[in-house]
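Beneath this line is the structure, given in structure tokens, with notes to follow.
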Amino acid sequence: MRKYLPKSAALAALRLFTIVFCLGVSLAARIYLYSFKILMLILIAVFWTAGIFLAFVYLPVLFSRTVIYISKTEIALHSGVIFRRRELMRMSAVQYVTRVSLPFSRALGFNFLVVRGLGGSIILPFLRSEDCQEILLTLHSKISEDGAVPPDGDAGKEE
């Protein structure tokens with residue numbers, strides 16, 4: 001059983017995006033709500049409070065509690081902040097896997113795997129590029145091992 005953790009660079013990037021978003025909202029409020037000073041200050045305070053809570057409390061706890069386990073029989077995703085959530089999928093139920101990689105994903109860790117199976121799907125978030133490729137190859141080999149199409153492509157031929 002292999003254990004995978006989210007890439008810490010993704011947390012740093014999300015923190016930076018949150019701060020930039022709060023700066024943008026503050027600037028927009030300053031420009032468009034300058035005549036309503038009390039409303040402008042309340043909106044700026046609310047967005048900065050939510051942004052600081054998200055960037056420095058919620059996201060670090062979420063990243064520290066997110067763990068992915070891949071074994072020969074199942075895929076497990078453990079995460080959650082207030083309520084612990086576990087998602088399990090048997091390897092025999094996996095039908096196909098999709099890799100989603102955003103720009104600069106090798107450096108930032110914005111690699112996701114969407115594992116679809118019988119009746120559900122699991123999204124494996126913020127993987128390192130190497131871990132993402134390793135999981136992808138593992139799942140593809142398991143799918144082709146259990147699938148009806150032989151690796152040489154001679155499906156349907158009788159000898």
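Residues in the structure tokens are numbered from 1 in each chain, the chains being A, B, ... in the order shown, and ligands are numbered from 1 in the order shown.
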
Tell me, counting only C-alpha atoms, for each residue of region 31-76 of chain A within 12 Å of region 133-145 of chain A, which pair of atoms is nearest and how far apart they are in Å to one decimal, in rows ordered by chain and increasing number, as CSV.
```
residue,atom,partner,partner_atom,distance
A:Ile68,CA,A:Ile135,CA,10.4
A:Tyr69,CA,A:Ile135,CA,10.2
A:Ile70,CA,A:Ile135,CA,7.8
A:Ser71,CA,A:Thr138,CA,9.7
A:Lys72,CA,A:Lys142,CA,8.5
A:Thr73,CA,A:Lys142,CA,9.7
A:Glu74,CA,A:Leu139,CA,10.3
A:Ile75,CA,A:Leu139,CA,9.7
```

Test item: residues at most 9 Å from Ile122 (chain A), only C-alpha atoms, excluding those fewer than 2 positions along its chain, as a list in words: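 The contact residues come out as Ile75, Ala76, Leu77, Glu87, Leu88, Met89, Leu113, Val114, Val115, Arg116, Gly117, Gly120 and Leu124 of chain A.
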
Keeping only N, CA, C and O atoms, take the residues you just selected and write them out as an mmCIF file, in the first residue's frame.
```cif
data_model
loop_
_atom_site.group_PDB
_atom_site.id
_atom_site.type_symbol
_atom_site.label_atom_id
_atom_site.label_comp_id
_atom_site.auth_asym_id
_atom_site.auth_seq_id
_atom_site.Cartn_x
_atom_site.Cartn_y
_atom_site.Cartn_z
ATOM 1 N N ILE A 75 -8.630 1.963 -3.645
ATOM 2 C CA ILE A 75 -8.161 3.344 -3.612
ATOM 3 C C ILE A 75 -8.910 4.016 -2.475
ATOM 4 O O ILE A 75 -10.137 3.898 -2.389
ATOM 5 N N ALA A 76 -8.192 4.711 -1.610
ATOM 6 C CA ALA A 76 -8.830 5.388 -0.474
ATOM 7 C C ALA A 76 -8.353 6.828 -0.410
ATOM 8 O O ALA A 76 -7.155 7.107 -0.527
ATOM 9 N N LEU A 77 -9.298 7.746 -0.233
ATOM 10 C CA LEU A 77 -9.004 9.162 -0.050
ATOM 11 C C LEU A 77 -9.556 9.566 1.308
ATOM 12 O O LEU A 77 -10.759 9.447 1.551
ATOM 13 N N GLU A 87 -13.315 8.212 1.216
ATOM 14 C CA GLU A 87 -13.876 7.702 -0.025
ATOM 15 C C GLU A 87 -13.068 6.471 -0.413
ATOM 16 O O GLU A 87 -11.848 6.513 -0.450
ATOM 17 N N LEU A 88 -13.766 5.384 -0.688
ATOM 18 C CA LEU A 88 -13.126 4.128 -1.062
ATOM 19 C C LEU A 88 -13.659 3.661 -2.402
ATOM 20 O O LEU A 88 -14.842 3.821 -2.696
ATOM 21 N N MET A 89 -12.770 3.066 -3.202
ATOM 22 C CA MET A 89 -13.191 2.446 -4.455
ATOM 23 C C MET A 89 -12.336 1.201 -4.660
ATOM 24 O O MET A 89 -11.116 1.260 -4.534
ATOM 25 N N LEU A 113 -6.319 13.539 -10.426
ATOM 26 C CA LEU A 113 -6.757 12.333 -11.119
ATOM 27 C C LEU A 113 -8.225 12.131 -10.802
ATOM 28 O O LEU A 113 -8.625 12.155 -9.639
ATOM 29 N N VAL A 114 -9.025 11.933 -11.835
ATOM 30 C CA VAL A 114 -10.439 11.608 -11.670
ATOM 31 C C VAL A 114 -10.571 10.132 -11.991
ATOM 32 O O VAL A 114 -10.370 9.715 -13.128
ATOM 33 N N VAL A 115 -10.889 9.348 -10.974
ATOM 34 C CA VAL A 115 -11.023 7.905 -11.120
ATOM 35 C C VAL A 115 -12.511 7.597 -11.154
ATOM 36 O O VAL A 115 -13.224 7.845 -10.189
ATOM 37 N N ARG A 116 -12.963 7.079 -12.279
ATOM 38 C CA ARG A 116 -14.382 6.761 -12.431
ATOM 39 C C ARG A 116 -14.559 5.255 -12.367
ATOM 40 O O ARG A 116 -13.771 4.506 -12.938
ATOM 41 N N GLY A 117 -15.600 4.877 -11.681
ATOM 42 C CA GLY A 117 -15.874 3.456 -11.522
ATOM 43 C C GLY A 117 -17.358 3.189 -11.570
ATOM 44 O O GLY A 117 -18.158 4.054 -11.937
ATOM 45 N N GLY A 120 -19.723 5.665 -9.352
ATOM 46 C CA GLY A 120 -19.146 6.795 -8.651
ATOM 47 C C GLY A 120 -17.807 7.213 -9.206
ATOM 48 O O GLY A 120 -17.308 6.650 -10.173
ATOM 49 N N LEU A 124 -8.643 12.665 -6.939
ATOM 50 C CA LEU A 124 -7.423 12.658 -6.145
ATOM 51 C C LEU A 124 -6.714 13.998 -6.372
ATOM 52 O O LEU A 124 -6.188 14.254 -7.445
#
```

Which residue of A:Leu16, A:Leu5, A:Ala50, A:Cys132 approaches Ser105 (chain A) most closely, using only C-alpha atoms: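 For Ser105 (chain A), the nearest of the candidates is A:Cys132.
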
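The nearest approach to Leu11 (chain A) among the residues A:Glu130, A:Ala55, A:Arg106, A:Val97, with only C-alpha atoms taken into account, belongs to A:Ala55.
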
Residues within 9 Å of region 46-49 of chain A, only C-alpha atoms, excluding chain neighbours under 6 positions, as a PyMOL selection string: chain A and resi 19+22-23+25-26

Keeping only N, CA and C atoms, take the residues you just selected and write them out as a CSV table (one decimal), in the first residue's frame.
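Everything below was put into selection_9.csv:
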```
chain,number,residue,atom,x,y,z
A,19,ILE,N,-4.7,35.8,-1.2
A,19,ILE,CA,-4.3,37.1,-0.9
A,19,ILE,C,-4.5,38.1,-2.1
A,22,CYS,N,-8.1,38.9,-2.4
A,22,CYS,CA,-8.6,39.9,-1.4
A,22,CYS,C,-8.1,41.3,-1.7
A,23,LEU,N,-6.9,41.4,-2.3
A,23,LEU,CA,-6.4,42.7,-2.7
A,23,LEU,C,-7.2,43.2,-3.8
A,25,VAL,N,-10.4,42.5,-4.5
A,25,VAL,CA,-11.7,42.9,-4.0
A,25,VAL,C,-11.6,44.2,-3.2
A,26,SER,N,-10.6,44.4,-2.5
A,26,SER,CA,-10.4,45.7,-1.7
A,26,SER,C,-10.2,46.8,-2.7
```

Neighbours of Gly109 (chain A) within 12 Å (only C-alpha atoms; same-chain residues fewer than 6 positions away dropped), as a short mmCIF file (atom, residue, chain, number, x, y, z; two decimals) with C-alpha atoms, in the first residue's frame?
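File result33.cif, as written:
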```cif
data_model
loop_
_atom_site.label_atom_id
_atom_site.label_comp_id
_atom_site.auth_asym_id
_atom_site.auth_seq_id
_atom_site.Cartn_x
_atom_site.Cartn_y
_atom_site.Cartn_z
CA LEU A 5 0.20 13.42 0.27
CA PRO A 6 -0.77 16.67 -1.47
CA LYS A 7 2.10 18.82 -2.71
CA SER A 8 2.89 21.68 -0.33
CA ALA A 9 3.58 24.07 -3.23
CA ALA A 10 -0.13 23.88 -4.06
CA LEU A 11 -0.94 25.17 -0.59
CA ALA A 12 1.48 28.07 -1.04
CA ALA A 13 -0.02 28.89 -4.45
CA LEU A 14 -3.58 28.79 -3.05
CA VAL A 100 -6.19 16.92 -15.17
CA SER A 101 -3.07 19.09 -15.10
CA LEU A 102 -3.19 22.86 -15.02
CA PRO A 103 -0.44 25.14 -16.37
CA LEU A 124 -7.42 12.66 -6.15
CA PRO A 125 -6.29 16.28 -5.57
CA PHE A 126 -3.01 18.23 -5.63
CA LEU A 127 -0.66 15.40 -6.54
CA ARG A 128 3.02 15.73 -7.38
CA SER A 129 3.61 15.17 -11.07
CA GLU A 130 5.63 12.00 -10.41
CA ASP A 131 3.02 10.63 -8.01
CA CYS A 132 0.25 11.41 -10.48
#
```

DSSP-assigned alpha helix (DSSP H) members of region 33-153 of chain A, reported as a PyMOL selection string: chain A and resi 37-53+59-65+105-108+129-146

Length of the CA of Arg2 (chain A) to CA of Gln95 (chain A) vector [Å]: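 Atom-to-atom, CA of Arg2 (chain A) and CA of Gln95 (chain A) are spaced 20.6 Å apart.
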
Strand (DSSP E or B) call set, DSSP backbone run, region 23-157 of chain A, as a PyMOL selection string: chain A and resi 67-70+74-79+85-90+94-101+111-117+120-127

Only C-alpha atoms, please: the residues just picked out, written as a PDB file, in the first residue's frame.
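Heads up, here's the output in part_6.pdb:
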```pdb
ATOM      1  CA  VAL A  67      -4.057  11.387   2.469  1.00  0.00           C
ATOM      2  CA  ILE A  68      -4.417   9.044  -0.513  1.00  0.00           C
ATOM      3  CA  TYR A  69      -3.792   5.312  -0.174  1.00  0.00           C
ATOM      4  CA  ILE A  70      -3.410   3.060  -3.202  1.00  0.00           C
ATOM      5  CA  GLU A  74      -8.604  -0.410  -3.369  1.00  0.00           C
ATOM      6  CA  ILE A  75      -8.161   3.344  -3.612  1.00  0.00           C
ATOM      7  CA  ALA A  76      -8.830   5.388  -0.474  1.00  0.00           C
ATOM      8  CA  LEU A  77      -9.004   9.162  -0.050  1.00  0.00           C
ATOM      9  CA  HIS A  78      -9.085  10.484   3.527  1.00  0.00           C
ATOM     10  CA  SER A  79      -9.761  14.203   3.997  1.00  0.00           C
ATOM     11  CA  ARG A  85     -14.461  11.941   5.039  1.00  0.00           C
ATOM     12  CA  ARG A  86     -13.269   8.664   3.552  1.00  0.00           C
ATOM     13  CA  GLU A  87     -13.876   7.702  -0.025  1.00  0.00           C
ATOM     14  CA  LEU A  88     -13.126   4.128  -1.062  1.00  0.00           C
ATOM     15  CA  MET A  89     -13.191   2.446  -4.455  1.00  0.00           C
ATOM     16  CA  ARG A  90     -12.264  -1.105  -5.245  1.00  0.00           C
ATOM     17  CA  VAL A  94     -12.330   1.228 -11.770  1.00  0.00           C
ATOM     18  CA  GLN A  95     -13.412   1.783 -15.363  1.00  0.00           C
ATOM     19  CA  TYR A  96     -11.249   4.693 -16.498  1.00  0.00           C
ATOM     20  CA  VAL A  97      -8.955   7.403 -15.200  1.00  0.00           C
ATOM     21  CA  THR A  98      -8.594  11.013 -16.332  1.00  0.00           C
ATOM     22  CA  ARG A  99      -5.591  13.196 -15.532  1.00  0.00           C
ATOM     23  CA  VAL A 100      -6.192  16.917 -15.166  1.00  0.00           C
ATOM     24  CA  SER A 101      -3.067  19.087 -15.099  1.00  0.00           C
ATOM     25  CA  ASN A 111      -2.376  17.683 -10.830  1.00  0.00           C
ATOM     26  CA  PHE A 112      -5.635  15.847 -10.270  1.00  0.00           C
ATOM     27  CA  LEU A 113      -6.757  12.333 -11.119  1.00  0.00           C
ATOM     28  CA  VAL A 114     -10.439  11.608 -11.670  1.00  0.00           C
ATOM     29  CA  VAL A 115     -11.023   7.905 -11.120  1.00  0.00           C
ATOM     30  CA  ARG A 116     -14.382   6.761 -12.431  1.00  0.00           C
ATOM     31  CA  GLY A 117     -15.874   3.456 -11.522  1.00  0.00           C
ATOM     32  CA  GLY A 120     -19.146   6.795  -8.651  1.00  0.00           C
ATOM     33  CA  SER A 121     -15.905   8.682  -8.954  1.00  0.00           C
ATOM     34  CA  ILE A 122     -13.042   9.869  -6.779  1.00  0.00           C
ATOM     35  CA  ILE A 123     -10.992  13.001  -7.390  1.00  0.00           C
ATOM     36  CA  LEU A 124      -7.423  12.658  -6.145  1.00  0.00           C
ATOM     37  CA  PRO A 125      -6.292  16.279  -5.569  1.00  0.00           C
ATOM     38  CA  PHE A 126      -3.013  18.231  -5.635  1.00  0.00           C
ATOM     39  CA  LEU A 127      -0.658  15.397  -6.541  1.00  0.00           C
TER      40      LEU A 127
END
```

Interatomic distance, CA of Val57 (chain A) to CA of Ile42 (chain A) (Å, one decimal):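 Here the two named atoms are 21.5 Å from each other.
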
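Between CA of Arg84 (chain A) and CA of Tyr58 (chain A) there is a distance of 13.8 Å.
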
Which residue of A:Ile44, A:Ala29, A:Thr18, A:Phe36 approaches Phe56 (chain A) most closely, using only C-alpha atoms: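 Looking only at the distances to Phe56 (chain A), the closest residue turns out to be A:Thr18.
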